[in-house]
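Participant: My questions will all concern the structure given below.
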Amino acid sequence: MKNWIPFLLLILALSSCKTRNTAQSGTDQTRDSINTTKDEGSPKDVNEPVRDKLTFYEHVLIPPKFDQIKIDSKVRVETGSYVPTLDATIYIENDKKVWMNLRALFINAARGIATPEGIKGQDKINKTYIDSDFDYLNNMLNVNFIDYKSLEKILLGRTFVKINDRQFDLTQNAQGFKMVSNTNQKIVTDEKNREYKVALQYDTNYDLLAVNLKDILSSDELEVSYSDWNEYEGIRLPKNVKIIIKGSKSSQILLENTKFDFSRMETPYSVPSSYKKIEIK
């Protein structure tokens, strides 16, 4: 899952496109909740088969109904070099676009937009821009599931990897639900074939807590975790989204969502003629 950072270029703007990173690993607490049971024999940690699977899948797979959501966020990035805390405005128009504006020290630093056709972003400080389709990103990242909807789902805390009853084991205990792949998930791209173990953890009310993807042949690992869920106008949304990436280099991205608004807003995007196009590396 090399170079996962460019997939998040709407969050990191173009600064992280210059860093070559790989997949991810979670905090000890989240890793324990996904991959292990803590005290074997403790009633609350005994994993049992889920009897009402239909209800589970209805909750975790059916997307929320909304027209648009505006999110104000604080974005903190750790890549091994200094990145200031960014103020972000994220605007999601359901099934149509994700627009983002990033500010650093009260200065507009970057702007980006994703549509079903691809991703565009501009670095206003360095006067550069990118324009990429999702096929390019999938091949570069050695995955095959990145598209517009997966980006929407990651930001809103919805299940963004494919799950099914045949290739995953679904269990529950007092802490919630756990899905673990019982066969390696094969990801085929133009460059190579890779296989991953996938684990997902849900709260007792079906809120997504964490998704973990682990390359079985390398140290590459990706984990996206969610916390502090609340309901806003009938839609449950996470206040915190953490993306932890681990491989030859490690990175961490934290979005702290401070406000949700469901009103419509303008989303201007144009690239000045003086900006230079760069490739994602």
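By order in the structure tokens, chains are A, B, ...; within a chain, residues start at 1; ligands start at 1, following the order shown.
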Extract, using only C-alpha atoms, all DNA, RNA and protein residues at most 8 Å from range 253-259 of chain A, discarding same-chain residues fewer than 3 positions from it, and format them as a PyMOL selection string.
Facilitator: chain A and resi 71-78+238-244
Participant: Kindly save the residues from that selection, with N, CA and C atoms included, as a compact mmCIF listing (two decimals), in the first residue's frame.
Facilitator:
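Ended up saving to part.txt:
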# COMPACT_ATOMS: atom_id res chain seq x y z
N ILE A 71 -18.15 20.60 7.06
CA ILE A 71 -17.43 20.22 8.27
C ILE A 71 -16.26 21.19 8.47
N ASP A 72 -16.19 21.79 9.65
CA ASP A 72 -15.01 22.56 10.04
C ASP A 72 -14.10 21.64 10.85
N SER A 73 -12.81 21.59 10.47
CA SER A 73 -11.90 20.64 11.10
C SER A 73 -10.55 21.27 11.41
N LYS A 74 -9.90 20.69 12.41
CA LYS A 74 -8.48 20.92 12.66
C LYS A 74 -7.74 19.70 12.14
N VAL A 75 -6.72 19.92 11.31
CA VAL A 75 -5.98 18.81 10.72
C VAL A 75 -4.55 18.82 11.24
N ARG A 76 -4.16 17.73 11.88
CA ARG A 76 -2.80 17.59 12.39
C ARG A 76 -2.12 16.45 11.66
N VAL A 77 -0.93 16.73 11.15
CA VAL A 77 -0.21 15.75 10.34
C VAL A 77 1.16 15.50 10.94
N GLU A 78 1.53 14.25 11.08
CA GLU A 78 2.87 13.86 11.54
C GLU A 78 3.52 13.01 10.47
N PRO A 238 -18.57 11.09 13.25
CA PRO A 238 -17.46 11.06 14.21
C PRO A 238 -16.80 12.43 14.35
N LYS A 239 -16.44 12.77 15.57
CA LYS A 239 -15.71 14.02 15.78
C LYS A 239 -14.24 13.84 15.40
N ASN A 240 -13.69 12.66 15.65
CA ASN A 240 -12.27 12.42 15.39
C ASN A 240 -12.07 11.32 14.36
N VAL A 241 -11.23 11.59 13.38
CA VAL A 241 -10.84 10.61 12.37
C VAL A 241 -9.32 10.54 12.38
N LYS A 242 -8.79 9.36 12.64
CA LYS A 242 -7.33 9.20 12.68
C LYS A 242 -6.90 8.19 11.62
N ILE A 243 -5.89 8.57 10.85
CA ILE A 243 -5.34 7.70 9.81
C ILE A 243 -3.88 7.48 10.14
N ILE A 244 -3.53 6.24 10.41
CA ILE A 244 -2.16 5.90 10.80
C ILE A 244 -1.57 5.01 9.71
Participant: For Leu105 in chain A, work out the shell of residues within 10 Å, counting only C-alpha atoms and skipping chain neighbours fewer than 4 positions away, then give it as a list in words.
Facilitator: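 Contacts, in chain order: Pro84, Thr85, Leu86, Asp87 and Ala109 of chain A.
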Participant: The selected residues should be written to file as an mmCIF file, in the first residue's frame (atoms: N, CA and C atoms).
Facilitator:
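As written to disk, selection.cif reads:
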data_model
loop_
_atom_site.group_PDB
_atom_site.id
_atom_site.type_symbol
_atom_site.label_atom_id
_atom_site.label_comp_id
_atom_site.auth_asym_id
_atom_site.auth_seq_id
_atom_site.Cartn_x
_atom_site.Cartn_y
_atom_site.Cartn_z
ATOM 1 N N PRO A 84 2.447 22.511 10.172
ATOM 2 C CA PRO A 84 1.608 23.253 11.120
ATOM 3 C C PRO A 84 0.190 22.695 11.137
ATOM 4 N N THR A 85 -0.513 22.914 12.246
ATOM 5 C CA THR A 85 -1.922 22.531 12.317
ATOM 6 C C THR A 85 -2.703 23.330 11.278
ATOM 7 N N LEU A 86 -3.524 22.633 10.523
ATOM 8 C CA LEU A 86 -4.274 23.254 9.451
ATOM 9 C C LEU A 86 -5.739 23.389 9.843
ATOM 10 N N ASP A 87 -6.347 24.512 9.473
ATOM 11 C CA ASP A 87 -7.787 24.679 9.598
ATOM 12 C C ASP A 87 -8.415 24.299 8.266
ATOM 13 N N ALA A 109 -3.887 28.075 2.264
ATOM 14 C CA ALA A 109 -2.701 27.323 1.851
ATOM 15 C C ALA A 109 -2.966 26.397 0.681
#
Participant: With only C-alpha atoms as the counted atoms, please give the residues lying no more than 6 Å from range 121-136 of chain A, apart from itself and same-chain residues fewer than 3 positions off, as a PyMOL selection string.
Facilitator: chain A and resi 14+109-112+118+139+147+275-278
Participant: I'd like the neighbourhood of Lys186 in chain A as a CSV table (one decimal) with C-alpha atoms, in the first residue's frame, where a residue qualifies if any of its atoms comes within 9 Å (using only C-alpha atoms), though same-chain residues fewer than 4 positions away should be ignored.
Facilitator:
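Here's the written file selection_0.csv:
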chain,number,residue,atom,x,y,z
A,193,ASN,CA,-0.9,-8.5,-7.0
A,194,ARG,CA,-1.0,-8.1,-3.3
A,195,GLU,CA,-2.9,-9.7,-0.4
A,196,TYR,CA,-4.2,-8.2,2.8
Participant: Would you please work out which residue, of A:Val46, A:Phe66, A:Asn101, A:Asn164, is nearest to Tyr269 in chain A when using only C-alpha atoms?
Facilitator: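 Once distances to Tyr269 in chain A are computed over only C-alpha atoms, the minimum belongs to A:Asn101.
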Participant: Which residue is closest to Glu221 in chain A? Choose from A:Val198, A:Leu208, A:Ile245, A:Val98 and count only C-alpha atoms.
Facilitator: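 Closest to Glu221 in chain A, using only C-alpha atoms: A:Ile245.
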Participant: Identify which of the residues A:Thr183, A:Gln175, A:Thr115, A:Thr89 lies closest to Met265 in chain A, counting only C-alpha atoms when measuring atom-to-atom distances.
Facilitator: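 Between A:Thr183, A:Gln175, A:Thr115, A:Thr89, the residue approaching Met265 in chain A most closely is A:Thr89.
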Participant: Select, from A:Leu156, A:Leu54, A:Val180, A:Ile92, the residue with the minimum atom-to-atom distance to Val211 in chain A, counting only C-alpha atoms.
Facilitator: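 Among A:Leu156, A:Leu54, A:Val180, A:Ile92, it is A:Val180 that comes nearest to Val211 in chain A.
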Participant: Which residues are close to Thr159 in chain A, i.e. within 10 Å by only C-alpha atoms, leaving aside same-chain residues fewer than 4 positions away? Reply as a list in words.
Facilitator: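 Counting only C-alpha atoms, the residues come to Val60, Leu61, Ile62, Pro63, Ser150, Lys153, Ile154, Ile163, Leu200, Tyr202, Asp207, Leu208, Leu209, Ala210 and Val211 of chain A.
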Participant: Have a look at A:Asn205, A:Thr79, A:Asn184, A:Asn230 and name the one nearest to Lys249 in chain A; count only C-alpha atoms.
Facilitator: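 Of A:Asn205, A:Thr79, A:Asn184, A:Asn230, the one nearest Lys249 in chain A is A:Thr79, counting only C-alpha atoms.
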Participant: Using the chain letters and numbers from this document, which residues of range 51-229 of chain A does DSSP assign to strand (DSSP E or B), as a PyMOL selection string?
Facilitator: chain A and resi 68-78+86-93+97-104+107-115+118-123+128-132+168-173+176-181+185-188+193-202+208-215+221-229
